[in-house]
file structure-v4.pdb (PDB, C-alpha atoms)
ATOM      1  CA  MET C  87      35.105 -44.973 -51.019
ATOM      2  CA  PRO C  88      34.670 -46.212 -47.435
ATOM      3  CA  PHE C  89      31.210 -46.420 -45.884
ATOM      4  CA  LYS C  90      31.293 -43.569 -43.383
ATOM      5  CA  HIS C  91      28.352 -44.562 -41.193
ATOM      6  CA  LYS C  92      28.546 -46.649 -38.032
ATOM      7  CA  ASP C  93      24.954 -47.849 -38.538
ATOM      8  CA  LEU C  94      22.357 -48.341 -41.267
ATOM      9  CA  LEU C  95      19.211 -46.805 -39.787
ATOM     10  CA  GLY C  96      17.454 -45.557 -42.919
ATOM     11  CA  ILE C  97      17.796 -44.569 -46.556
ATOM     12  CA  GLU C  98      16.971 -40.963 -45.695
ATOM     13  CA  ASP C  99      20.468 -40.631 -44.163
ATOM     14  CA  LEU C 100      22.323 -41.896 -47.249
ATOM     15  CA  GLY C 101      23.557 -40.120 -50.347
ATOM     16  CA  SER C 102      23.442 -41.578 -53.861
ATOM     17  CA  GLU C 103      27.176 -42.433 -53.761
ATOM     18  CA  GLU C 104      26.707 -44.436 -50.564
ATOM     19  CA  ILE C 105      23.717 -46.244 -52.044
ATOM     20  CA  ASN C 106      25.760 -47.141 -55.115
ATOM     21  CA  LEU C 107      28.586 -48.355 -52.869
ATOM     22  CA  ILE C 108      26.252 -50.833 -51.165
ATOM     23  CA  LEU C 109      24.773 -52.005 -54.480
ATOM     24  CA  ASP C 110      28.206 -52.365 -56.073
ATOM     25  CA  THR C 111      29.444 -54.298 -53.038
ATOM     26  CA  ALA C 112      26.440 -56.608 -53.336
ATOM     27  CA  GLU C 113      27.539 -57.338 -56.909
ATOM     28  CA  THR C 114      30.829 -58.723 -55.589
ATOM     29  CA  PHE C 115      28.945 -61.166 -53.348
ATOM     30  CA  ARG C 116      26.470 -62.363 -55.976
ATOM     31  CA  ASP C 117      28.644 -65.228 -57.253
ATOM     32  CA  ILE C 118      29.159 -66.603 -53.742
ATOM     33  CA  ASN C 119      25.461 -67.471 -53.561
ATOM     34  CA  GLN C 120      25.762 -69.548 -56.754
ATOM     35  CA  ARG C 121      28.752 -71.629 -55.664
ATOM     36  CA  GLN C 122      28.576 -75.213 -54.480
ATOM     37  CA  ILE C 123      30.234 -74.112 -51.217
ATOM     38  CA  LYS C 124      28.551 -70.811 -50.349
ATOM     39  CA  LYS C 125      31.016 -69.485 -47.786
ATOM     40  CA  VAL C 126      33.907 -67.030 -47.555
ATOM     41  CA  PRO C 127      36.028 -66.120 -44.501
ATOM     42  CA  THR C 128      35.335 -62.372 -44.772
ATOM     43  CA  LEU C 129      33.743 -61.914 -41.313
ATOM     44  CA  ARG C 130      35.366 -64.826 -39.513
ATOM     45  CA  GLY C 131      35.458 -64.080 -35.788
ATOM     46  CA  LYS C 132      32.635 -61.511 -35.975
ATOM     47  CA  THR C 133      29.302 -61.893 -34.189
ATOM     48  CA  VAL C 134      25.944 -60.747 -35.578
ATOM     49  CA  ILE C 135      22.832 -60.675 -33.367
ATOM     50  CA  ASN C 136      19.426 -60.734 -35.060
ATOM     51  CA  LEU C 137      16.990 -59.146 -32.590
ATOM     52  CA  PHE C 138      13.451 -59.425 -33.939
ATOM     53  CA  PHE C 139      10.391 -58.126 -32.091
ATOM     54  CA  GLU C 140       8.091 -58.723 -35.092
ATOM     55  CA  ALA C 141       7.426 -61.768 -37.244
ATOM     56  CA  SER C 142       9.678 -62.200 -40.264
ATOM     57  CA  THR C 143      10.543 -64.875 -42.804
ATOM     58  CA  ARG C 144      12.584 -63.265 -45.590
ATOM     59  CA  THR C 145      14.457 -60.550 -43.681
ATOM     60  CA  ARG C 146      15.443 -62.567 -40.625
ATOM     61  CA  THR C 147      16.423 -65.659 -42.609
ATOM     62  CA  SER C 148      18.411 -63.733 -45.201
ATOM     63  CA  PHE C 149      20.335 -61.797 -42.531
ATOM     64  CA  GLU C 150      21.198 -65.097 -40.818
ATOM     65  CA  ILE C 151      22.254 -66.697 -44.109
ATOM     66  CA  ALA C 152      24.223 -63.575 -45.062
ATOM     67  CA  ALA C 153      26.145 -63.631 -41.787
ATOM     68  CA  LYS C 154      26.911 -67.346 -42.034
ATOM     69  CA  ARG C 155      28.034 -67.116 -45.660
ATOM     70  CA  LEU C 156      30.509 -64.467 -44.531
ATOM     71  CA  SER C 157      31.650 -66.881 -41.761
ATOM     72  CA  ALA C 158      30.279 -64.702 -38.947
ATOM     73  CA  ASP C 159      28.536 -66.239 -35.931
ATOM     74  CA  ALA C 160      24.800 -65.459 -36.121
ATOM     75  CA  ILE C 161      22.642 -65.384 -32.981
ATOM     76  CA  ASN C 162      18.852 -65.141 -33.331
ATOM     77  CA  ILE C 163      16.689 -63.621 -30.589
ATOM     78  CA  SER C 164      12.924 -63.137 -30.776
ATOM     79  CA  ALA C 165      10.784 -61.096 -28.405
ATOM     80  CA  SER C 166       9.004 -64.176 -27.081
ATOM     81  CA  THR C 167      12.285 -65.754 -25.941
ATOM     82  CA  SER C 168      13.914 -62.599 -24.556
ATOM     83  CA  SER C 169      13.688 -60.917 -21.146
ATOM     84  CA  VAL C 170      11.351 -58.318 -22.646
ATOM     85  CA  VAL C 171       8.508 -60.646 -21.666
ATOM     86  CA  LYS C 172       9.717 -60.263 -18.048
ATOM     87  CA  GLY C 173       9.591 -56.478 -18.202
ATOM     88  CA  GLU C 174      13.101 -55.604 -19.366
ATOM     89  CA  THR C 175      13.289 -52.369 -21.360
ATOM     90  CA  LEU C 176      14.598 -52.209 -24.916
ATOM     91  CA  ILE C 177      17.585 -50.119 -23.803
ATOM     92  CA  ASP C 178      18.472 -52.577 -21.034
ATOM     93  CA  THR C 179      18.231 -55.418 -23.544
ATOM     94  CA  ALA C 180      20.602 -53.546 -25.846
ATOM     95  CA  LEU C 181      23.062 -52.785 -23.039
ATOM     96  CA  ASN C 182      23.135 -56.417 -21.984
ATOM     97  CA  LEU C 183      23.798 -57.508 -25.544
ATOM     98  CA  GLN C 184      26.514 -54.876 -25.857
ATOM     99  CA  ALA C 185      28.200 -56.341 -22.755
ATOM    100  CA  MET C 186      28.721 -59.527 -24.774
ATOM    101  CA  ALA C 187      30.674 -57.540 -27.422
ATOM    102  CA  PRO C 188      28.788 -58.300 -30.664
ATOM    103  CA  ASP C 189      29.974 -56.628 -33.859
ATOM    104  CA  ALA C 190      26.525 -55.970 -35.336
ATOM    105  CA  ILE C 191      22.943 -55.934 -34.072
ATOM    106  CA  VAL C 192      20.145 -56.321 -36.615
ATOM    107  CA  ILE C 193      16.842 -55.166 -35.145
ATOM    108  CA  ARG C 194      13.216 -55.242 -36.226
ATOM    109  CA  HIS C 195      10.773 -53.483 -33.914
ATOM    110  CA  PRO C 196       7.125 -52.345 -34.126
ATOM    111  CA  SER C 197       8.003 -48.858 -32.833
ATOM    112  CA  SER C 198       9.439 -46.256 -35.190
ATOM    113  CA  GLY C 199      12.842 -45.072 -34.024
ATOM    114  CA  ALA C 200      13.721 -48.126 -31.917
ATOM    115  CA  PRO C 201      16.942 -48.888 -33.875
ATOM    116  CA  HIS C 202      17.994 -45.238 -33.511
ATOM    117  CA  GLN C 203      17.656 -45.475 -29.728
ATOM    118  CA  ILE C 204      19.735 -48.643 -29.584
ATOM    119  CA  ALA C 205      22.414 -47.136 -31.832
ATOM    120  CA  LYS C 206      22.958 -44.367 -29.285
ATOM    121  CA  VAL C 207      23.905 -46.740 -26.456
ATOM    122  CA  VAL C 208      25.879 -49.540 -28.126
ATOM    123  CA  ASN C 209      29.255 -49.688 -29.842
ATOM    124  CA  ALA C 210      28.135 -52.393 -32.275
ATOM    125  CA  ALA C 211      26.883 -51.497 -35.727
ATOM    126  CA  VAL C 212      23.071 -51.303 -35.694
ATOM    127  CA  ILE C 213      21.094 -52.282 -38.785
ATOM    128  CA  ASN C 214      17.443 -51.367 -39.087
ATOM    129  CA  ALA C 215      15.498 -54.399 -40.323
ATOM    130  CA  GLY C 216      12.211 -52.474 -40.161
ATOM    131  CA  ASP C 217      10.933 -50.076 -37.497
ATOM    132  CA  GLY C 218       7.191 -49.572 -37.340
ATOM    133  CA  ALA C 219       5.906 -47.664 -40.365
ATOM    134  CA  HIS C 220       9.149 -45.688 -40.609
ATOM    135  CA  GLU C 221      11.824 -47.380 -42.747
ATOM    136  CA  HIS C 222      13.115 -50.708 -44.043
ATOM    137  CA  PRO C 223      16.419 -49.745 -45.682
ATOM    138  CA  THR C 224      17.738 -53.151 -46.746
ATOM    139  CA  GLN C 225      14.439 -53.931 -48.508
ATOM    140  CA  ALA C 226      14.743 -50.733 -50.539
ATOM    141  CA  LEU C 227      18.357 -51.559 -51.350
ATOM    142  CA  LEU C 228      17.517 -55.038 -52.615
ATOM    143  CA  ASP C 229      14.592 -53.620 -54.602
ATOM    144  CA  ALA C 230      16.902 -51.061 -56.205
ATOM    145  CA  TRP C 231      19.487 -53.716 -57.004
ATOM    146  CA  THR C 232      16.798 -55.906 -58.587
ATOM    147  CA  ILE C 233      15.658 -52.979 -60.737
ATOM    148  CA  ARG C 234      19.219 -52.098 -61.735
ATOM    149  CA  GLN C 235      19.986 -55.702 -62.676
ATOM    150  CA  LYS C 236      16.974 -55.933 -64.978
ATOM    151  CA  LYS C 237      16.856 -52.388 -66.353
ATOM    152  CA  GLY C 238      20.525 -51.453 -66.218
ATOM    153  CA  ARG C 239      19.667 -48.161 -64.516
ATOM    154  CA  ILE C 240      17.316 -46.485 -62.065
ATOM    155  CA  ALA C 241      17.441 -42.874 -63.247
ATOM    156  CA  GLY C 242      14.556 -41.887 -65.492
ATOM    157  CA  LEU C 243      12.396 -44.930 -64.780
ATOM    158  CA  LYS C 244       8.747 -44.617 -63.830
ATOM    159  CA  VAL C 245       8.086 -46.661 -60.690
ATOM    160  CA  ALA C 246       4.500 -47.151 -59.522
ATOM    161  CA  ILE C 247       4.146 -48.019 -55.820
ATOM    162  CA  ILE C 248       0.589 -49.170 -55.128
ATOM    163  CA  GLY C 249      -1.306 -50.129 -51.990
ATOM    164  CA  ASP C 250      -1.095 -49.270 -48.315
ATOM    165  CA  VAL C 251       1.532 -46.540 -48.674
ATOM    166  CA  LEU C 252       0.521 -44.824 -45.433
ATOM    167  CA  HIS C 253       1.613 -47.685 -43.168
ATOM    168  CA  SER C 254       4.418 -49.079 -45.345
ATOM    169  CA  ARG C 255       8.030 -48.683 -44.241
ATOM    170  CA  VAL C 256       8.989 -50.322 -47.546
ATOM    171  CA  ALA C 257       7.241 -47.571 -49.509
ATOM    172  CA  ARG C 258       8.928 -44.857 -47.481
ATOM    173  CA  SER C 259      12.435 -46.285 -47.898
ATOM    174  CA  ASN C 260      11.882 -46.924 -51.594
ATOM    175  CA  ALA C 261      10.556 -43.415 -52.129
ATOM    176  CA  HIS C 262      13.703 -41.983 -50.546
ATOM    177  CA  LEU C 263      16.060 -44.255 -52.453
ATOM    178  CA  LEU C 264      14.466 -44.187 -55.885
ATOM    179  CA  THR C 265      14.088 -40.408 -55.994
ATOM    180  CA  LYS C 266      17.689 -39.979 -54.807
ATOM    181  CA  MET C 267      18.736 -42.163 -57.743
ATOM    182  CA  GLY C 268      16.677 -40.181 -60.273
ATOM    183  CA  ALA C 269      13.537 -42.302 -60.700
ATOM    184  CA  HIS C 270      10.036 -40.891 -61.039
ATOM    185  CA  VAL C 271       7.888 -42.441 -58.316
ATOM    186  CA  VAL C 272       4.094 -42.474 -58.534
ATOM    187  CA  LEU C 273       2.028 -43.549 -55.527
ATOM    188  CA  ALA C 274      -1.501 -44.930 -55.771
ATOM    189  CA  GLY C 275      -4.053 -46.618 -53.545
ATOM    190  CA  PRO C 276      -7.123 -45.781 -51.502
ATOM    191  CA  ARG C 277      -7.069 -42.103 -50.523
ATOM    192  CA  THR C 278      -7.294 -43.166 -46.898
ATOM    193  CA  LEU C 279      -4.031 -45.097 -47.301
ATOM    194  CA  LEU C 280      -1.974 -42.366 -48.973
ATOM    195  CA  PRO C 281       0.206 -39.934 -47.001
ATOM    196  CA  LEU C 282      -0.352 -36.176 -46.919
ATOM    197  CA  GLY C 283       2.374 -33.637 -47.630
ATOM    198  CA  LEU C 284       4.695 -35.702 -49.803
ATOM    199  CA  ASP C 285       6.977 -32.720 -50.315
ATOM    200  CA  LYS C 286       7.640 -32.705 -46.556
ATOM    201  CA  ILE C 287       8.049 -36.469 -46.256
ATOM    202  CA  ILE C 288      10.421 -36.816 -49.219
ATOM    203  CA  PRO C 289      12.787 -33.856 -49.643
ATOM    204  CA  PRO C 290      13.770 -32.610 -53.142
ATOM    205  CA  ALA C 291      15.923 -35.113 -54.997
ATOM    206  CA  ALA C 292      17.154 -35.970 -58.488
ATOM    207  CA  GLY C 293      13.885 -37.757 -59.259
ATOM    208  CA  THR C 294      10.259 -36.864 -58.606
ATOM    209  CA  ILE C 295       7.394 -38.203 -56.523
ATOM    210  CA  GLY C 296       3.659 -37.681 -56.798
ATOM    211  CA  LEU C 297       0.203 -39.156 -56.412
ATOM    212  CA  ALA C 298      -1.821 -40.729 -59.221
ATOM    213  CA  GLU C 299      -5.557 -40.183 -59.562
ATOM    214  CA  ASN C 300      -6.120 -43.924 -59.706
ATOM    215  CA  VAL C 301      -4.274 -47.223 -60.072
ATOM    216  CA  GLU C 302      -4.591 -47.216 -63.858
ATOM    217  CA  ALA C 303      -2.891 -43.816 -64.117
ATOM    218  CA  ALA C 304      -0.035 -45.028 -61.931
ATOM    219  CA  ILE C 305       0.503 -48.204 -63.954
ATOM    220  CA  LYS C 306       0.223 -46.553 -67.382
ATOM    221  CA  ASP C 307       3.660 -46.630 -69.077
ATOM    222  CA  ALA C 308       5.346 -47.730 -65.848
ATOM    223  CA  ASP C 309       8.737 -49.439 -66.015
ATOM    224  CA  VAL C 310       8.315 -50.946 -62.555
ATOM    225  CA  VAL C 311       5.169 -51.791 -60.598
ATOM    226  CA  MET C 312       5.684 -52.410 -56.897
ATOM    227  CA  MET C 313       2.687 -53.753 -54.996
ATOM    228  CA  LEU C 314       2.350 -53.411 -51.221
ATOM    229  CA  ARG C 315       0.673 -55.621 -48.650
ATOM    230  CA  ILE C 316      -2.183 -54.151 -46.646
ATOM    231  CA  GLN C 317      -0.707 -53.553 -43.173
ATOM    232  CA  MET C 318      -3.699 -54.779 -41.180
ATOM    233  CA  GLU C 319      -1.604 -54.986 -38.002
ATOM    234  CA  ARG C 320      -0.925 -51.217 -38.139
ATOM    235  CA  GLN C 321      -4.486 -50.132 -38.923
ATOM    236  CA  SER C 322      -6.859 -49.060 -36.180
ATOM    237  CA  GLY C 323      -9.843 -48.070 -38.303
ATOM    238  CA  GLY C 324     -11.801 -48.913 -41.449
ATOM    239  CA  PHE C 325      -9.647 -47.585 -44.292
ATOM    240  CA  PHE C 326     -11.665 -49.447 -46.965
ATOM    241  CA  PRO C 327     -14.942 -51.428 -46.950
ATOM    242  CA  THR C 328     -13.824 -55.007 -47.710
ATOM    243  CA  LEU C 329     -10.835 -56.939 -49.045
ATOM    244  CA  ARG C 330     -12.907 -57.950 -52.072
ATOM    245  CA  GLU C 331     -13.632 -54.328 -52.927
ATOM    246  CA  TYR C 332      -9.979 -53.445 -52.379
ATOM    247  CA  SER C 333      -8.945 -56.168 -54.826
ATOM    248  CA  ILE C 334     -11.412 -54.972 -57.451
ATOM    249  CA  HIS C 335     -10.311 -51.335 -57.352
ATOM    250  CA  PHE C 336      -6.654 -51.507 -56.368
ATOM    251  CA  GLY C 337      -5.382 -55.046 -57.024
ATOM    252  CA  LEU C 338      -2.906 -55.845 -59.791
ATOM    253  CA  ASN C 339      -4.237 -58.198 -62.437
ATOM    254  CA  ARG C 340      -3.125 -59.000 -65.991
ATOM    255  CA  ARG C 341      -5.565 -56.501 -67.509
ATOM    256  CA  ARG C 342      -4.136 -53.618 -65.502
ATOM    257  CA  LEU C 343      -0.566 -54.767 -66.072
ATOM    258  CA  GLU C 344      -1.073 -54.503 -69.841
ATOM    259  CA  MET C 345      -1.191 -50.721 -69.397
ATOM    260  CA  ALA C 346       2.460 -50.681 -68.318
ATOM    261  CA  LYS C 347       5.429 -50.816 -70.668
ATOM    262  CA  ASP C 348       6.044 -54.058 -72.538
ATOM    263  CA  ASP C 349       9.154 -54.792 -70.481
ATOM    264  CA  VAL C 350       7.611 -53.906 -67.114
ATOM    265  CA  ILE C 351       8.803 -55.713 -64.000
ATOM    266  CA  VAL C 352       6.615 -56.502 -60.987
ATOM    267  CA  LEU C 353       7.964 -56.354 -57.431
ATOM    268  CA  HIS C 354       6.477 -57.134 -54.029
ATOM    269  CA  PRO C 355       8.279 -57.058 -50.651
ATOM    270  CA  GLY C 356       6.233 -59.955 -49.282
ATOM    271  CA  PRO C 357       4.451 -61.581 -47.682
ATOM    272  CA  ILE C 358       1.988 -61.782 -50.571
ATOM    273  CA  ASN C 359      -1.770 -61.905 -50.110
ATOM    274  CA  ARG C 360      -2.725 -63.597 -53.364
ATOM    275  CA  GLY C 361      -6.010 -62.414 -54.774
ATOM    276  CA  VAL C 362      -6.002 -59.247 -52.654
ATOM    277  CA  GLU C 363      -3.272 -56.828 -53.723
ATOM    278  CA  ILE C 364      -2.043 -59.034 -56.564
ATOM    279  CA  ASP C 365      -3.429 -61.942 -58.588
ATOM    280  CA  SER C 366      -1.653 -65.297 -58.664
ATOM    281  CA  ASP C 367      -1.179 -65.230 -62.441
ATOM    282  CA  VAL C 368       0.802 -61.998 -62.031
ATOM    283  CA  VAL C 369       2.825 -63.335 -59.099
ATOM    284  CA  ASP C 370       3.776 -66.420 -61.103
ATOM    285  CA  GLY C 371       3.874 -64.654 -64.470
ATOM    286  CA  PRO C 372       6.795 -63.665 -66.723
ATOM    287  CA  TYR C 373       7.054 -60.087 -65.436
ATOM    288  CA  SER C 374       7.369 -61.020 -61.769
ATOM    289  CA  LEU C 375      10.777 -60.665 -60.092
ATOM    290  CA  ILE C 376       9.453 -61.356 -56.608
ATOM    291  CA  LEU C 377      11.653 -64.405 -56.007
ATOM    292  CA  ASP C 378      14.610 -62.547 -57.526
ATOM    293  CA  GLN C 379      14.107 -59.958 -54.792
ATOM    294  CA  VAL C 380      14.373 -62.684 -52.154
ATOM    295  CA  ASN C 381      17.522 -64.060 -53.755
ATOM    296  CA  ASN C 382      19.070 -60.598 -54.041
ATOM    297  CA  GLY C 383      18.290 -59.880 -50.408
ATOM    298  CA  VAL C 384      21.024 -62.250 -49.252
ATOM    299  CA  ALA C 385      23.770 -60.531 -51.282
ATOM    300  CA  VAL C 386      22.599 -57.043 -50.289
ATOM    301  CA  ARG C 387      22.595 -57.969 -46.614
ATOM    302  CA  MET C 388      26.012 -59.571 -47.017
ATOM    303  CA  ALA C 389      27.198 -56.238 -48.408
ATOM    304  CA  VAL C 390      25.701 -54.281 -45.509
ATOM    305  CA  LEU C 391      27.228 -56.589 -42.903
ATOM    306  CA  TYR C 392      30.601 -56.441 -44.663
ATOM    307  CA  LEU C 393      30.641 -52.638 -44.824
ATOM    308  CA  LEU C 394      29.483 -52.135 -41.221
ATOM    309  CA  ALA C 395      31.202 -55.005 -39.419
ATOM    310  CA  GLY C 396      34.630 -54.246 -40.799
ATOM    311  CA  GLY C 397      35.209 -57.164 -43.128
ATOM    312  CA  ASP C 398      38.521 -57.759 -44.889
TER
END

call {"tool": "encode", "arguments": {"input": "structure-v4.pdb", "output": "structure tokens"}}
result
Amino acid sequence: MPFKHKDLLGIEDLGSEEINLILDTAETFRDINQRQIKKVPTLRGKTVINLFFEASTRTRTSFEIAAKRLSADAINISASTSSVVKGETLIDTALNLQAMAPDAIVIRHPSSGAPHQIAKVVNAAVINAGDGAHEHPTQALLDAWTIRQKKGRIAGLKVAIIGDVLHSRVARSNAHLLTKMGAHVVLAGPRTLLPLGLDKIIPPAAGTIGLAENVEAAIKDADVVMMLRIQMERQSGGFFPTLREYSIHFGLNRRRLEMAKDDVIVLHPGPINRGVEIDSDVVDGPYSLILDQVNNGVAVRMAVLYLLAGGD
């Protein structure tokens, strides 16, 4: 089936068939990343602009690598080197980029909805690389692909998402995707960092979503444990006393992980704050697929660029 969207702005807009299409397409690109010469001519002659208004290591680099491995020309622009610092509006920036006829614009922005505004005024495909606390669709897609690779399925799995859920665009996108695909999502963390009205945030889907009384209840018999970074840059008040207390009550250590299933996998979108939300021996332990997520991110973003930029 063809991908019927001009843009990828969020998981909330996608159906399960479209999600599977992206994941299946990523499968076809996996071997390219293992070759000695990691390049195919699929997007030769196409131009991809990475427009990042927030700091990024994994997402920005993997989008650039993905574009180059598909033989597209990748242009990187950060806020500090753009005319935004001179007072240019986001829309004017987008219109000026559109005048140069790019095929895709990948944008990360601190304001929720920024990619949606750009998508309305440009002809290029717009890919949301994270907008405020709203969504981060390609992160959820690579997380889902990592789970499917290891577990062989997503439907019926118990996935615990733990930490700063309130401010996490990763948690929101994963909640949409995993419930659409039939997983049972359990959220846990400080009460001050959990959203209200989950039934309104995540509409009815094939799976379920709910809150756990505590971290131990969320982890118990979990197939997947996904830890989240505390989004200090999005917090304006004291949501918990200290980082040490947070680690004691909500951090993932080996003792807590033993409550999960024997074949549990541990995920984290990064960057990791070792000793805060997750202990180093878990990060580097046998259940961690954190670096697999990074590796899978390149193939998933290759798939997204291919489907949106009109690859052959």

call {"tool": "atom_distance", "arguments": {"input": "structure-v4.pdb", "atom1": "CA of Lys244 in chain C", "atom2": "CA of Met312 in chain C"}}
result
10.9 Å

call {"tool": "residues_around", "arguments": {"input": "structure-v4.pdb", "residues": "range 145-160 of chain C", "least_positions_apart": "3", "cutoff": "8 Å", "atoms": "all atoms listed in the file", "output": "list in words"}}
result
Lys124, Lys125, Val126, Pro127, Thr128, Leu129, Arg130, Gly131, Lys132, Thr133, Val134, Ile135, Asn136, Phe138, Ser142, Ala215, Gly383, Val384, Ala385, Arg387, Met388 and Leu391 of chain C

call {"tool": "write_last_selection", "arguments": {"input": "structure-v4.pdb", "atoms": "C-alpha atoms", "output": "PDB file, keeping the file's coordinate frame"}}
result
ATOM      1  CA  LYS C 124      28.551 -70.811 -50.349  1.00  0.00           C
ATOM      2  CA  LYS C 125      31.016 -69.485 -47.786  1.00  0.00           C
ATOM      3  CA  VAL C 126      33.907 -67.030 -47.555  1.00  0.00           C
ATOM      4  CA  PRO C 127      36.028 -66.120 -44.501  1.00  0.00           C
ATOM      5  CA  THR C 128      35.335 -62.372 -44.772  1.00  0.00           C
ATOM      6  CA  LEU C 129      33.743 -61.914 -41.313  1.00  0.00           C
ATOM      7  CA  ARG C 130      35.366 -64.826 -39.513  1.00  0.00           C
ATOM      8  CA  GLY C 131      35.458 -64.080 -35.788  1.00  0.00           C
ATOM      9  CA  LYS C 132      32.635 -61.511 -35.975  1.00  0.00           C
ATOM     10  CA  THR C 133      29.302 -61.893 -34.189  1.00  0.00           C
ATOM     11  CA  VAL C 134      25.944 -60.747 -35.578  1.00  0.00           C
ATOM     12  CA  ILE C 135      22.832 -60.675 -33.367  1.00  0.00           C
ATOM     13  CA  ASN C 136      19.426 -60.734 -35.060  1.00  0.00           C
ATOM     14  CA  PHE C 138      13.451 -59.425 -33.939  1.00  0.00           C
ATOM     15  CA  SER C 142       9.678 -62.200 -40.264  1.00  0.00           C
ATOM     16  CA  ALA C 215      15.498 -54.399 -40.323  1.00  0.00           C
ATOM     17  CA  GLY C 383      18.290 -59.880 -50.408  1.00  0.00           C
ATOM     18  CA  VAL C 384      21.024 -62.250 -49.252  1.00  0.00           C
ATOM     19  CA  ALA C 385      23.770 -60.531 -51.282  1.00  0.00           C
ATOM     20  CA  ARG C 387      22.595 -57.969 -46.614  1.00  0.00           C
ATOM     21  CA  MET C 388      26.012 -59.571 -47.017  1.00  0.00           C
ATOM     22  CA  LEU C 391      27.228 -56.589 -42.903  1.00  0.00           C
TER      23      LEU C 391
END

call {"tool": "atom_distance", "arguments": {"input": "structure-v4.pdb", "atom1": "CA of Val311 in chain C", "atom2": "CA of Asn381 in chain C"}}
result
18.7 Å

call {"tool": "closest_residue", "arguments": {"input": "structure-v4.pdb", "among": "C:Pro201, C:Gly101, C:Gly173, C:Gly296", "to": "Lys266 in chain C", "atoms": "all atoms listed in the file"}}
result
C:Gly101

call {"tool": "residues_around", "arguments": {"input": "structure-v4.pdb", "residues": "Leu227 in chain C", "least_positions_apart": "5", "cutoff": "10 Å", "atoms": "all atoms listed in the file", "output": "PyMOL selection string"}}
result
chain C and resi 97+105-106+108-109+112+222+232-233+259-260+263-264+382-383+386-387+390

call {"tool": "closest_residue", "arguments": {"input": "structure-v4.pdb", "among": "C:Val350, C:Ala219, C:Ala308, C:Val301", "to": "Phe336 in chain C", "atoms": "only C-alpha atoms"}}
result
C:Val301

call {"tool": "resolve_selection", "arguments": {"input": "structure-v4.pdb", "expression": "the PyMOL selection byres ((chain C and resi 258) around 12)", "output": "JSON list (two decimals) with C-alpha atoms, in the coordinates of the input"}}
result
[["chain", "number", "residue", "atom", "x", "y", "z"],
["C", 96, "GLY", "CA", 17.45, -45.56, -42.92],
["C", 97, "ILE", "CA", 17.80, -44.57, -46.56],
["C", 98, "GLU", "CA", 16.97, -40.96, -45.70],
["C", 216, "GLY", "CA", 12.21, -52.47, -40.16],
["C", 217, "ASP", "CA", 10.93, -50.08, -37.50],
["C", 218, "GLY", "CA", 7.19, -49.57, -37.34],
["C", 219, "ALA", "CA", 5.91, -47.66, -40.36],
["C", 220, "HIS", "CA", 9.15, -45.69, -40.61],
["C", 221, "GLU", "CA", 11.82, -47.38, -42.75],
["C", 222, "HIS", "CA", 13.12, -50.71, -44.04],
["C", 223, "PRO", "CA", 16.42, -49.74, -45.68],
["C", 225, "GLN", "CA", 14.44, -53.93, -48.51],
["C", 226, "ALA", "CA", 14.74, -50.73, -50.54],
["C", 247, "ILE", "CA", 4.15, -48.02, -55.82],
["C", 250, "ASP", "CA", -1.10, -49.27, -48.32],
["C", 251, "VAL", "CA", 1.53, -46.54, -48.67],
["C", 252, "LEU", "CA", 0.52, -44.82, -45.43],
["C", 253, "HIS", "CA", 1.61, -47.68, -43.17],
["C", 254, "SER", "CA", 4.42, -49.08, -45.34],
["C", 255, "ARG", "CA", 8.03, -48.68, -44.24],
["C", 256, "VAL", "CA", 8.99, -50.32, -47.55],
["C", 257, "ALA", "CA", 7.24, -47.57, -49.51],
["C", 259, "SER", "CA", 12.44, -46.28, -47.90],
["C", 260, "ASN", "CA", 11.88, -46.92, -51.59],
["C", 261, "ALA", "CA", 10.56, -43.42, -52.13],
["C", 262, "HIS", "CA", 13.70, -41.98, -50.55],
["C", 263, "LEU", "CA", 16.06, -44.26, -52.45],
["C", 264, "LEU", "CA", 14.47, -44.19, -55.88],
["C", 265, "THR", "CA", 14.09, -40.41, -55.99],
["C", 271, "VAL", "CA", 7.89, -42.44, -58.32],
["C", 273, "LEU", "CA", 2.03, -43.55, -55.53],
["C", 280, "LEU", "CA", -1.97, -42.37, -48.97],
["C", 281, "PRO", "CA", 0.21, -39.93, -47.00],
["C", 284, "LEU", "CA", 4.70, -35.70, -49.80],
["C", 287, "ILE", "CA", 8.05, -36.47, -46.26],
["C", 288, "ILE", "CA", 10.42, -36.82, -49.22],
["C", 289, "PRO", "CA", 12.79, -33.86, -49.64],
["C", 295, "ILE", "CA", 7.39, -38.20, -56.52],
["C", 314, "LEU", "CA", 2.35, -53.41, -51.22]]

call {"tool": "atom_distance", "arguments": {"input": "structure-v4.pdb", "atom1": "CA of Ala292 in chain C", "atom2": "CA of Thr278 in chain C"}}
result
28.0 Å

call {"tool": "closest_residue", "arguments": {"input": "structure-v4.pdb", "among": "C:Ile193, C:Leu94, C:Tyr392, C:Ser366", "to": "Phe115 in chain C", "atoms": "only C-alpha atoms"}}
result
C:Tyr392

call {"tool": "closest_residue", "arguments": {"input": "structure-v4.pdb", "among": "C:Leu228, C:Ala303, C:Ile376, C:Val192", "to": "Arg342 in chain C", "atoms": "all atoms listed in the file"}}
result
C:Ala303

call {"tool": "closest_residue", "arguments": {"input": "structure-v4.pdb", "among": "C:Arg277, C:Lys90, C:Val245, C:Ala291", "to": "Ala304 in chain C", "atoms": "all atoms listed in the file"}}
result
C:Val245

call {"tool": "resolve_selection", "arguments": {"input": "structure-v4.pdb", "expression": "the PyMOL selection byres ((chain C and resi 186) around 12)", "output": "list of chain:residue names"}}
result
C:Thr133, C:Val134, C:Ile135, C:Ile161, C:Thr179, C:Ala180, C:Leu181, C:Asn182, C:Leu183, C:Gln184, C:Ala185, C:Ala187, C:Pro188, C:Asp189, C:Ala190, C:Ile191, C:Val208, C:Asn209, C:Ala210
